[in-house]
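Chemist: Here you go, one structure.
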Amino acid sequence: MSTSVPDVSASKGRGRQKEINRIYAYPLPILFSPPEPPHSGASHVGLFAFRSRVENPQCEGVWDPCTRSVWIVNSDHSMVLWQRGFFGKGSLSRSEPSWLVRRIHEQQQKAKKALTAEEITAKRRAERQQFKLDRAHAFAASVAEAEAAFAAGDTSVKVAPLTRDAVANFAARSSDRSETNSPDLSKLNPAGAIQTTTAGSAYDVVGEDLTEEAIPENLEHLQLTLQEAFFLLWCLDCLRVLDMNTQEFMTLSEIWTAFQRAHLTLPPSVSEKPRFDNPFLVNYAVYHHYRSLGWVVRSGIKFCVDYLLYKRGPVFHHAEFGVTVCPVYEDTEDQSNSPFDLPNTTPFSWSWLSTINRVNTQVQKTLILAYVTIPSSRRVDITLLSSPACLAHFSVREVVLRRFVPARMRD
């Protein structure tokens, strides 16, 4: 009778996934509490007898016109916006604001005399680089040996395939390796450079348990794009923006004007008429379109697109779509006298389209061309640009592209 051994790794994976589902359970910063039953004396019946309470976090940010972004300096507000909708990115992180957690973990690892994540990455990179060098030397030596045997008249010698074990054996037998080609991997710092070993310089022991004084100051803030910030304060009403000059909270009208002027090169003292082809309006129309459909919209500059679309968020799975914004002028006269140099307004070449489509196909993403129709200033009154009501005159059309692979798509 055989007994089954429980899969420990599978149980850990399920526990980790359960914890992720708990942390990122809410798709938006605002929460809707379960409806409360009506009081016994209530005379209303039907749907209106049960009312849900809306919990609004009311996060606060600071408007920074230099970086065209809104800074969330409160760490609690930053985690609320990230964990409930994946808004913004850490200023010292690639995505999630995790700089402080990484620094604390680094101190704990140094206290245990263990490698940090950065040091492990640097060590692996050095090992891969050394393996490539050893493989090249082993291949050159094998070819030279075969050529020498062929010149001596022995045609039975062939170049054997270089496996990892064969390369390791060659590296162990090799005695002419220079010091520059054989770095001591134990002396690598996080940057991957070689450092000399001195007493106490490799690891500074700070104790197993970090005290409150040993915890470093959090130097990171959450950085919201203009589109993310305006969606939070206009659609969800869960963000207030502070003007760093006046130290007062800005009104919706002031924020609307400031976000449009962020793309102008003129000083604030010079007035200029608002335009429908303002880059903030064009990009926000696409951002609002996909956010309203339930997608998690993130920046796609890493894959040569404007936005990436996630079903639930980056911690659950990779993005399924890459979106490129393609503005289309309803009136060509508006394009000719426009002060903005919007990308993708002119017909793009097939080489550009093939390049960007190939990049996204290689990372298992489908490319979407989002055509934003910019309303004509002669058809729509320009006074509508003083409020978000002008967004109703923008339209978004989508074209999905798939790369044709003859070997896979013969049917």
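Simple scheme: letters A, B, ... for chains in structure tokens order, numbers from 1 for residues in each chain, numbers from 1 for ligands in the order shown.
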When you look at Tyr307 (chain A) with a cut-off of 9 Å (counting only C-alpha atoms), what residues show up, excluding the ones that are within fewer than 4 positions of it in the same chain? I need them as a VMD selection string.

Modeler: chain A and resid 287 297 to 301 321 to 325

Chemist: Would you please work out which residue, of A:Val62, A:Ile382, A:Ile356, A:Leu391, is nearest to Tyr284 (chain A) when using only C-alpha atoms?

Modeler: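 For Tyr284 (chain A), the nearest of the given residues is A:Leu391.
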
Chemist: Identify, on the basis of only C-alpha atoms, every residue whose closest approach to Cys390 (chain A) does not exceed 10 Å; exclude the query and any residue fewer than 4 positions from it along the same chain; express the result as a ChimeraX atom specification.

Modeler: /A:276,281,375,380-386,394

Chemist: Neighbouring residues of Asn21 (chain A) were defined as those with any atom within 12 Å, considering only C-alpha atoms; residues of the same chain fewer than 2 positions away were excluded. Please report them as a ChimeraX atom specification.

Modeler: /A:14-19,23-27,83-84,312-313,315-316

Chemist: Counting only C-alpha atoms, which of A:Trp352, A:Phe303, A:Phe86, A:Tyr329 gets nearest to Thr366 (chain A)?

Modeler: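 Closest residue, counting only C-alpha atoms: A:Phe303.
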
Chemist: Name the closest residue to Glu254 (chain A) among the candidates A:Lys132, A:Lys273, A:Pro216, A:Phe230; distances are taken between atoms, counting only C-alpha atoms.

Modeler: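 Between A:Lys132, A:Lys273, A:Pro216, A:Phe230, the residue approaching Glu254 (chain A) most closely is A:Phe230.
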
Chemist: For the atom pair CA of Gln227 (chain A) and CA of His289 (chain A), what is the interatomic distance in Å to one decimal place?

Modeler: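 Atom-to-atom, CA of Gln227 (chain A) and CA of His289 (chain A) are spaced 11.3 Å apart.
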
Chemist: From the set A:Val399, A:Val54, A:Ala214, A:Ser69, which residue has the shortest atom-to-atom contact distance to Ala111 (chain A), counting only C-alpha atoms?

Modeler: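 Ranked by minimum distance to Ala111 (chain A), first place goes to A:Ala214.
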
Chemist: My list of candidates is A:Ser349, A:Ser292, A:Asn283, A:Gln247. Which is closest to Trp63 (chain A) when distances are computed with only C-alpha atoms?

Modeler: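 The shortest atom-to-atom distance to Trp63 (chain A) comes from A:Gln247.
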